[in-house]
file work-v5.cif (mmCIF, N, CA and C atoms)
data_model
#
loop_
_atom_site.label_atom_id
_atom_site.label_comp_id
_atom_site.auth_asym_id
_atom_site.auth_seq_id
_atom_site.Cartn_x
_atom_site.Cartn_y
_atom_site.Cartn_z
N MET A 268 211.46 168.93 190.15
CA MET A 268 212.35 167.89 190.59
C MET A 268 211.89 166.52 190.09
N LYS A 269 210.56 166.28 190.18
CA LYS A 269 210.00 165.01 189.73
C LYS A 269 210.25 164.81 188.24
N ASN A 270 210.09 165.86 187.45
CA ASN A 270 210.32 165.76 186.00
C ASN A 270 211.78 165.46 185.69
N THR A 271 212.70 166.01 186.47
CA THR A 271 214.13 165.75 186.28
C THR A 271 214.44 164.29 186.54
N ILE A 272 213.87 163.74 187.59
CA ILE A 272 214.08 162.33 187.92
C ILE A 272 213.49 161.44 186.84
N LEU A 273 212.27 161.75 186.39
CA LEU A 273 211.65 160.96 185.32
C LEU A 273 212.45 161.03 184.05
N SER A 274 212.98 162.20 183.73
CA SER A 274 213.80 162.35 182.54
C SER A 274 215.07 161.51 182.65
N SER A 275 215.68 161.49 183.82
CA SER A 275 216.89 160.69 184.04
C SER A 275 216.59 159.21 183.89
N VAL A 276 215.48 158.78 184.43
CA VAL A 276 215.09 157.37 184.34
C VAL A 276 214.87 157.00 182.88
N GLN A 277 214.21 157.87 182.11
CA GLN A 277 213.96 157.61 180.69
C GLN A 277 215.28 157.44 179.93
N HIS A 278 216.28 158.23 180.28
CA HIS A 278 217.59 158.12 179.62
C HIS A 278 218.31 156.84 180.01
N LEU A 279 218.02 156.30 181.17
CA LEU A 279 218.69 155.08 181.63
C LEU A 279 218.07 153.82 181.06
N LYS A 280 216.83 153.88 180.58
CA LYS A 280 216.16 152.68 180.06
C LYS A 280 216.96 151.96 178.98
N PRO A 281 217.48 152.68 177.95
CA PRO A 281 218.26 151.96 176.94
C PRO A 281 219.52 151.32 177.51
N ILE A 282 220.12 151.99 178.49
CA ILE A 282 221.32 151.43 179.10
C ILE A 282 220.99 150.13 179.82
N PHE A 283 219.89 150.12 180.58
CA PHE A 283 219.49 148.91 181.28
C PHE A 283 219.12 147.81 180.30
N SER A 284 218.53 148.18 179.18
CA SER A 284 218.19 147.19 178.16
C SER A 284 219.45 146.53 177.64
N TRP A 285 220.46 147.32 177.31
CA TRP A 285 221.74 146.78 176.84
C TRP A 285 222.37 145.91 177.92
N LEU A 286 222.36 146.40 179.16
CA LEU A 286 222.97 145.65 180.25
C LEU A 286 222.27 144.32 180.49
N SER A 287 220.95 144.30 180.40
CA SER A 287 220.24 143.05 180.66
C SER A 287 220.57 142.00 179.62
N VAL A 288 220.61 142.37 178.35
CA VAL A 288 220.97 141.41 177.30
C VAL A 288 222.43 141.01 177.43
N GLY A 289 223.29 141.97 177.66
CA GLY A 289 224.71 141.67 177.81
C GLY A 289 224.99 140.80 179.02
N LEU A 290 224.35 141.09 180.13
CA LEU A 290 224.53 140.29 181.33
C LEU A 290 224.06 138.87 181.11
N PHE A 291 222.90 138.72 180.47
CA PHE A 291 222.38 137.38 180.20
C PHE A 291 223.33 136.62 179.27
N ALA A 292 223.78 137.27 178.22
CA ALA A 292 224.66 136.62 177.26
C ALA A 292 225.99 136.24 177.89
N SER A 293 226.55 137.13 178.71
CA SER A 293 227.84 136.81 179.32
C SER A 293 227.69 135.78 180.42
N ALA A 294 226.55 135.74 181.07
CA ALA A 294 226.35 134.77 182.15
C ALA A 294 226.25 133.36 181.62
N ILE A 295 225.71 133.18 180.43
CA ILE A 295 225.56 131.83 179.93
C ILE A 295 226.82 131.33 179.22
N GLY A 296 227.71 132.24 178.89
CA GLY A 296 229.02 131.85 178.39
C GLY A 296 229.00 131.08 177.09
N GLY A 297 230.05 130.29 176.90
CA GLY A 297 230.32 129.60 175.66
C GLY A 297 229.44 128.44 175.31
N SER A 298 229.70 127.26 175.82
CA SER A 298 228.99 126.07 175.33
C SER A 298 228.09 125.50 176.41
N ILE A 299 226.86 125.88 176.38
CA ILE A 299 225.91 125.38 177.35
C ILE A 299 224.91 124.44 176.72
N ALA A 300 224.76 124.54 175.46
CA ALA A 300 223.84 123.66 174.74
C ALA A 300 224.47 123.35 173.39
N PRO A 301 224.05 122.25 172.79
CA PRO A 301 224.60 121.95 171.48
C PRO A 301 224.29 123.05 170.49
N PRO A 302 225.22 123.35 169.58
CA PRO A 302 224.96 124.41 168.61
C PRO A 302 223.73 124.11 167.75
N VAL A 303 223.02 125.15 167.42
CA VAL A 303 221.84 125.07 166.59
C VAL A 303 222.14 125.89 165.34
N LYS A 304 221.53 125.51 164.25
CA LYS A 304 221.72 126.26 163.00
C LYS A 304 221.28 127.71 163.19
N ALA A 305 222.09 128.63 162.69
CA ALA A 305 221.76 130.05 162.78
C ALA A 305 220.46 130.33 162.04
N GLN A 306 219.72 131.27 162.56
CA GLN A 306 218.45 131.67 161.95
C GLN A 306 218.62 133.03 161.28
N ASN A 307 217.98 133.22 160.19
CA ASN A 307 217.96 134.51 159.52
C ASN A 307 216.61 135.16 159.79
N TYR A 308 216.46 135.67 160.99
CA TYR A 308 215.21 136.33 161.35
C TYR A 308 215.04 137.56 160.48
N SER A 309 213.84 137.76 160.00
CA SER A 309 213.58 138.86 159.08
C SER A 309 213.51 140.22 159.77
N ASP A 310 213.47 140.24 161.09
CA ASP A 310 213.27 141.52 161.78
C ASP A 310 214.40 141.93 162.72
N ILE A 311 215.59 141.34 162.58
CA ILE A 311 216.69 141.75 163.47
C ILE A 311 217.85 142.41 162.74
N GLN A 312 217.82 142.43 161.41
CA GLN A 312 218.92 143.04 160.67
C GLN A 312 219.06 144.50 161.09
N GLY A 313 220.27 144.85 161.56
CA GLY A 313 220.54 146.21 161.99
C GLY A 313 220.09 146.52 163.40
N HIS A 314 219.43 145.58 164.06
CA HIS A 314 219.01 145.80 165.45
C HIS A 314 220.25 145.77 166.33
N TRP A 315 220.26 146.59 167.39
CA TRP A 315 221.44 146.67 168.25
C TRP A 315 221.80 145.32 168.88
N ALA A 316 220.85 144.41 169.04
CA ALA A 316 221.12 143.12 169.68
C ALA A 316 221.22 141.97 168.68
N GLU A 317 221.37 142.28 167.41
CA GLU A 317 221.37 141.25 166.37
C GLU A 317 222.40 140.14 166.65
N GLN A 318 223.63 140.50 166.94
CA GLN A 318 224.66 139.49 167.17
C GLN A 318 224.36 138.66 168.42
N CYS A 319 223.89 139.29 169.45
CA CYS A 319 223.54 138.58 170.68
C CYS A 319 222.40 137.60 170.43
N ILE A 320 221.39 138.03 169.70
CA ILE A 320 220.25 137.17 169.38
C ILE A 320 220.72 135.97 168.56
N GLN A 321 221.57 136.21 167.58
CA GLN A 321 222.09 135.11 166.77
C GLN A 321 222.90 134.14 167.63
N GLY A 322 223.73 134.68 168.52
CA GLY A 322 224.53 133.83 169.40
C GLY A 322 223.69 132.99 170.33
N LEU A 323 222.68 133.60 170.94
CA LEU A 323 221.81 132.86 171.85
C LEU A 323 220.97 131.84 171.10
N THR A 324 220.60 132.15 169.86
CA THR A 324 219.87 131.18 169.04
C THR A 324 220.76 129.99 168.72
N GLN A 325 221.99 130.26 168.33
CA GLN A 325 222.92 129.18 168.00
C GLN A 325 223.21 128.29 169.21
N GLN A 326 223.13 128.86 170.41
CA GLN A 326 223.36 128.07 171.62
C GLN A 326 222.09 127.36 172.10
N GLY A 327 220.98 127.61 171.43
CA GLY A 327 219.74 126.95 171.79
C GLY A 327 219.02 127.56 172.97
N VAL A 328 219.39 128.79 173.34
CA VAL A 328 218.79 129.44 174.50
C VAL A 328 217.49 130.14 174.14
N VAL A 329 217.46 130.76 172.97
CA VAL A 329 216.25 131.44 172.51
C VAL A 329 215.91 130.94 171.12
N SER A 330 214.68 131.16 170.73
CA SER A 330 214.26 130.81 169.38
C SER A 330 213.25 131.83 168.92
N GLY A 331 213.10 131.90 167.63
CA GLY A 331 212.16 132.85 167.05
C GLY A 331 210.80 132.23 166.88
N TYR A 332 210.01 132.88 166.06
CA TYR A 332 208.65 132.46 165.79
C TYR A 332 208.58 131.70 164.47
N PRO A 333 207.53 130.91 164.26
CA PRO A 333 207.41 130.12 163.03
C PRO A 333 207.46 130.95 161.74
N ASP A 334 207.12 132.21 161.82
CA ASP A 334 207.13 133.06 160.62
C ASP A 334 208.52 133.66 160.34
N GLN A 335 209.56 133.10 160.97
CA GLN A 335 210.95 133.53 160.79
C GLN A 335 211.22 134.94 161.34
N THR A 336 210.45 135.36 162.34
CA THR A 336 210.72 136.62 163.03
C THR A 336 211.20 136.31 164.43
N PHE A 337 211.80 137.29 165.07
CA PHE A 337 212.24 137.16 166.45
C PHE A 337 211.47 138.11 167.37
N LYS A 338 211.03 139.22 166.83
CA LYS A 338 210.31 140.27 167.58
C LYS A 338 211.18 140.79 168.73
N PRO A 339 212.35 141.36 168.39
CA PRO A 339 213.32 141.75 169.41
C PRO A 339 212.86 142.84 170.37
N ASN A 340 211.87 143.60 170.00
CA ASN A 340 211.41 144.67 170.88
C ASN A 340 210.21 144.28 171.74
N ASN A 341 209.76 143.03 171.59
CA ASN A 341 208.66 142.57 172.42
C ASN A 341 209.12 142.38 173.87
N VAL A 342 208.20 142.48 174.77
CA VAL A 342 208.48 142.18 176.17
C VAL A 342 208.27 140.68 176.39
N ILE A 343 208.79 140.14 177.49
CA ILE A 343 208.61 138.73 177.76
C ILE A 343 207.98 138.52 179.13
N THR A 344 207.33 137.40 179.26
CA THR A 344 206.68 137.06 180.52
C THR A 344 207.65 136.32 181.44
N ARG A 345 207.23 136.16 182.67
CA ARG A 345 208.04 135.41 183.64
C ARG A 345 208.20 133.96 183.18
N ALA A 346 207.17 133.39 182.59
CA ALA A 346 207.26 132.01 182.10
C ALA A 346 208.25 131.91 180.94
N GLU A 347 208.21 132.86 180.02
CA GLU A 347 209.15 132.85 178.90
C GLU A 347 210.59 133.00 179.40
N TYR A 348 210.79 133.87 180.39
CA TYR A 348 212.12 134.05 180.95
C TYR A 348 212.57 132.77 181.64
N ALA A 349 211.66 132.11 182.36
CA ALA A 349 212.00 130.84 183.00
C ALA A 349 212.44 129.83 181.96
N ALA A 350 211.77 129.80 180.83
CA ALA A 350 212.14 128.86 179.76
C ALA A 350 213.54 129.15 179.24
N MET A 351 213.89 130.43 179.08
CA MET A 351 215.23 130.78 178.61
C MET A 351 216.29 130.41 179.65
N ILE A 352 216.03 130.71 180.90
CA ILE A 352 216.98 130.37 181.97
C ILE A 352 217.15 128.87 182.06
N ASP A 353 216.05 128.14 181.98
CA ASP A 353 216.10 126.68 182.04
C ASP A 353 216.94 126.12 180.90
N GLN A 354 216.80 126.69 179.73
CA GLN A 354 217.56 126.25 178.56
C GLN A 354 219.03 126.64 178.69
N ALA A 355 219.29 127.81 179.26
CA ALA A 355 220.66 128.32 179.36
C ALA A 355 221.49 127.62 180.42
N PHE A 356 220.86 127.16 181.48
CA PHE A 356 221.59 126.57 182.60
C PHE A 356 221.05 125.18 182.94
N PRO A 357 221.20 124.23 182.02
CA PRO A 357 220.60 122.91 182.24
C PRO A 357 221.28 122.09 183.34
N ASN A 358 222.53 122.36 183.64
CA ASN A 358 223.27 121.53 184.58
C ASN A 358 223.43 122.15 185.97
N THR A 359 222.70 123.20 186.25
CA THR A 359 222.78 123.84 187.56
C THR A 359 222.16 122.93 188.61
N ALA A 360 222.83 122.84 189.75
CA ALA A 360 222.36 121.97 190.83
C ALA A 360 221.05 122.50 191.43
N LEU A 361 220.22 121.57 191.87
CA LEU A 361 218.96 121.93 192.52
C LEU A 361 219.25 122.39 193.94
N GLU A 362 218.58 123.46 194.35
CA GLU A 362 218.79 124.04 195.68
C GLU A 362 217.61 123.84 196.62
N ARG A 363 216.45 123.61 196.06
CA ARG A 363 215.26 123.49 196.91
C ARG A 363 214.24 122.58 196.26
N ASN A 364 213.28 122.16 197.07
CA ASN A 364 212.22 121.26 196.59
C ASN A 364 211.22 122.02 195.73
N ALA A 365 210.54 121.26 194.90
CA ALA A 365 209.50 121.83 194.04
C ALA A 365 208.37 122.40 194.89
N ILE A 366 207.63 123.30 194.28
CA ILE A 366 206.47 123.90 194.94
C ILE A 366 205.32 123.87 193.95
N ASN A 367 204.13 123.68 194.43
CA ASN A 367 202.96 123.70 193.56
C ASN A 367 202.39 125.12 193.54
N PHE A 368 202.76 125.85 192.50
CA PHE A 368 202.23 127.21 192.36
C PHE A 368 200.77 127.12 191.98
N LYS A 369 199.93 127.87 192.67
CA LYS A 369 198.49 127.82 192.46
C LYS A 369 198.08 128.29 191.06
N ASP A 370 198.89 129.11 190.44
CA ASP A 370 198.52 129.67 189.14
C ASP A 370 199.28 129.02 187.97
N VAL A 371 199.92 127.87 188.21
CA VAL A 371 200.63 127.15 187.15
C VAL A 371 200.13 125.71 187.17
N SER A 372 199.27 125.36 186.23
CA SER A 372 198.72 124.00 186.19
C SER A 372 199.74 123.03 185.64
N ALA A 373 199.52 121.77 185.88
CA ALA A 373 200.42 120.72 185.38
C ALA A 373 200.46 120.71 183.86
N SER A 374 199.42 121.20 183.20
CA SER A 374 199.37 121.20 181.74
C SER A 374 199.85 122.52 181.12
N TYR A 375 200.26 123.48 181.94
CA TYR A 375 200.73 124.77 181.43
C TYR A 375 202.03 124.56 180.66
N TRP A 376 202.18 125.20 179.50
CA TRP A 376 203.33 124.97 178.62
C TRP A 376 204.67 125.20 179.32
N GLY A 377 204.75 126.13 180.25
CA GLY A 377 206.02 126.46 180.90
C GLY A 377 206.21 125.86 182.27
N GLN A 378 205.34 124.93 182.64
CA GLN A 378 205.39 124.37 183.99
C GLN A 378 206.74 123.76 184.32
N ASP A 379 207.31 122.96 183.45
CA ASP A 379 208.60 122.32 183.73
C ASP A 379 209.71 123.36 183.90
N ALA A 380 209.76 124.34 183.02
CA ALA A 380 210.78 125.38 183.12
C ALA A 380 210.63 126.19 184.40
N ILE A 381 209.39 126.49 184.77
CA ILE A 381 209.14 127.24 186.01
C ILE A 381 209.62 126.44 187.20
N GLN A 382 209.27 125.16 187.24
CA GLN A 382 209.72 124.32 188.35
C GLN A 382 211.24 124.20 188.39
N ASN A 383 211.85 124.00 187.23
CA ASN A 383 213.31 123.87 187.19
C ASN A 383 214.01 125.14 187.66
N THR A 384 213.56 126.29 187.19
CA THR A 384 214.22 127.53 187.60
C THR A 384 213.94 127.86 189.06
N TYR A 385 212.79 127.45 189.55
CA TYR A 385 212.50 127.64 190.98
C TYR A 385 213.41 126.73 191.81
N ARG A 386 213.49 125.46 191.44
CA ARG A 386 214.28 124.50 192.21
C ARG A 386 215.78 124.82 192.16
N LYS A 387 216.22 125.43 191.08
CA LYS A 387 217.64 125.82 190.96
C LYS A 387 217.93 127.15 191.63
N GLY A 388 216.90 127.84 192.09
CA GLY A 388 217.10 129.09 192.81
C GLY A 388 217.18 130.34 191.94
N PHE A 389 216.89 130.22 190.65
CA PHE A 389 216.95 131.39 189.78
C PHE A 389 215.74 132.30 189.97
N LEU A 390 214.56 131.72 190.05
CA LEU A 390 213.33 132.50 190.21
C LEU A 390 212.55 132.02 191.41
N SER A 391 211.76 132.90 191.96
CA SER A 391 210.91 132.57 193.09
C SER A 391 209.48 132.97 192.78
N GLY A 392 208.59 132.54 193.62
CA GLY A 392 207.20 132.93 193.47
C GLY A 392 206.90 134.13 194.34
N TYR A 393 205.62 134.40 194.46
CA TYR A 393 205.12 135.50 195.27
C TYR A 393 204.35 134.93 196.45
N PRO A 394 204.06 135.76 197.44
CA PRO A 394 203.28 135.27 198.59
C PRO A 394 201.98 134.62 198.12
N GLY A 395 201.58 133.59 198.81
CA GLY A 395 200.36 132.87 198.46
C GLY A 395 200.60 131.76 197.46
N GLN A 396 201.85 131.36 197.29
CA GLN A 396 202.23 130.28 196.37
C GLN A 396 201.77 130.53 194.93
N VAL A 397 202.01 131.75 194.45
CA VAL A 397 201.72 132.08 193.06
C VAL A 397 203.02 132.46 192.37
N PHE A 398 203.08 132.20 191.07
CA PHE A 398 204.27 132.51 190.28
C PHE A 398 204.03 133.70 189.34
N LYS A 399 202.81 133.91 188.93
CA LYS A 399 202.43 134.96 187.98
C LYS A 399 203.15 134.75 186.64
N PRO A 400 202.94 133.59 186.01
CA PRO A 400 203.68 133.25 184.80
C PRO A 400 203.42 134.17 183.61
N ASN A 401 202.26 134.80 183.56
CA ASN A 401 201.92 135.66 182.43
C ASN A 401 202.23 137.13 182.67
N ASP A 402 202.75 137.45 183.87
CA ASP A 402 203.17 138.82 184.14
C ASP A 402 204.47 139.09 183.40
N LEU A 403 204.66 140.32 183.00
CA LEU A 403 205.91 140.69 182.35
C LEU A 403 207.03 140.65 183.37
N ILE A 404 208.19 140.17 182.94
CA ILE A 404 209.34 140.14 183.85
C ILE A 404 209.89 141.55 183.97
N VAL A 405 210.17 141.94 185.17
CA VAL A 405 210.75 143.25 185.44
C VAL A 405 212.27 143.09 185.37
N ARG A 406 212.96 144.06 184.83
CA ARG A 406 214.42 143.95 184.66
C ARG A 406 215.13 143.58 185.95
N VAL A 407 214.69 144.17 187.06
CA VAL A 407 215.36 143.86 188.32
C VAL A 407 215.21 142.37 188.66
N GLU A 408 214.06 141.77 188.33
CA GLU A 408 213.88 140.34 188.54
C GLU A 408 214.85 139.54 187.67
N ALA A 409 215.04 139.99 186.45
CA ALA A 409 215.97 139.31 185.54
C ALA A 409 217.40 139.41 186.05
N PHE A 410 217.79 140.58 186.54
CA PHE A 410 219.13 140.75 187.09
C PHE A 410 219.33 139.87 188.32
N VAL A 411 218.37 139.89 189.22
CA VAL A 411 218.48 139.10 190.45
C VAL A 411 218.54 137.61 190.12
N ALA A 412 217.78 137.17 189.13
CA ALA A 412 217.78 135.76 188.75
C ALA A 412 219.16 135.29 188.32
N LEU A 413 219.89 136.15 187.63
CA LEU A 413 221.22 135.77 187.16
C LEU A 413 222.25 135.97 188.24
#
call {"tool": "encode", "arguments": {"input": "work-v5.cif", "output": "structure tokens"}}
result
Amino acid sequence: MKNTILSSVQHLKPIFSWLSVGLFASAIGGSIAPPVKAQNYSDIQGHWAEQCIQGLTQQGVVSGYPDQTFKPNNVITRAEYAAMIDQAFPNTALERNAINFKDVSASYWGQDAIQNTYRKGFLSGYPGQVFKPNDLIVRVEAFVAL
């Protein structure tokens, strides 16, 4: 029985992957940021999410790496996801006051995005006033954030 459940979950992973990218892309809609020049990433040609990646790049929501790659199969951290959400929804009203997460210093590269997404209600921290910025984002967290 356990193997059957694990097998079913394995078959659902690609579906959830498609849904997460599609949900994110549809949630941010048309014009949320000024258009950016399209990028010709060397590693997305023929990838199932190529058009979505190009669209999100043109909207300024995501960007690739300096070596002209996007690394579409890489996982992302909670801080990276916060940066994308912050970029995608710049005009969302603030819902709550800032919090000083113990594991996010004022000099941390994603501190502003983390604070913005927290204050807008997209992401929350964990007990003990921690955000875990370097932890990988779990799909359910990404769905709940949107």
call {"tool": "atom_distance", "arguments": {"input": "work-v5.cif", "atom1": "atom C of Gln382 in chain A", "atom2": "atom N of Phe398 in chain A"}}
result
11.7 Å
call {"tool": "atom_distance", "arguments": {"input": "work-v5.cif", "atom1": "CA of Ala412 in chain A", "atom2": "CA of Gln306 in chain A"}}
result
27.1 Å
call {"tool": "atom_distance", "arguments": {"input": "work-v5.cif", "atom1": "CA of Asp379 in chain A", "atom2": "atom C of Val342 in chain A"}}
result
19.8 Å
call {"tool": "resolve_selection", "arguments": {"input": "work-v5.cif", "expression": "the PyMOL selection byres (((chain A and resi 362-373 and name CA) around 8) and name CA)", "output": "list in words"}}
result
Ala360, Leu361, Ser374, Tyr375, Gln378, Gln382, Tyr385, Arg386, Lys387, Gly388, Gly392, Gln396, Val397, Phe398, Lys399 and Pro400 of chain A
call {"tool": "closest_residue", "arguments": {"input": "work-v5.cif", "among": "A:Ala355, A:Ala316, A:Leu403, A:Ala380", "to": "Val328 in chain A", "atoms": "only C-alpha atoms"}}
result
A:Ala355
call {"tool": "residues_around", "arguments": {"input": "work-v5.cif", "residues": "Asn401 in chain A", "least_positions_apart": "6", "cutoff": "8 Å", "atoms": "all atoms listed in the file", "output": "number ranges by chain"}}
result
A: 343-347, 370
call {"tool": "resolve_selection", "arguments": {"input": "work-v5.cif", "expression": "the PyMOL selection byres (((chain A and resi 307 and name CA) around 12) and name CA)", "output": "list in words"}}
result
Lys304, Ala305, Gln306, Tyr308, Ser309, Asp310, Ile311, Gln312, Glu317, Gln318, Ile320, Gln321, Gly322, Thr324, Gln325, Ser330, Gly331, Tyr332, Pro333, Asp334, Gln335, Thr336 and Phe337 of chain A
call {"tool": "closest_residue", "arguments": {"input": "work-v5.cif", "among": "A:Leu413, A:Gln326, A:Arg406, A:Gly377", "to": "Ala349 in chain A", "atoms": "only N, CA and C atoms"}}
result
A:Gly377
call {"tool": "select_by_dssp", "arguments": {"input": "work-v5.cif", "residues": "range 322-371 of chain A", "states": "helix (DSSP H, G or I)", "output": "ChimeraX atom specification"}}
result
/A:322-325,345-355
call {"tool": "closest_residue", "arguments": {"input": "work-v5.cif", "among": "A:Cys319, A:Val329, A:Ile381, A:Leu390", "to": "Ala409 in chain A", "atoms": "only C-alpha atoms"}}
result
A:Leu390
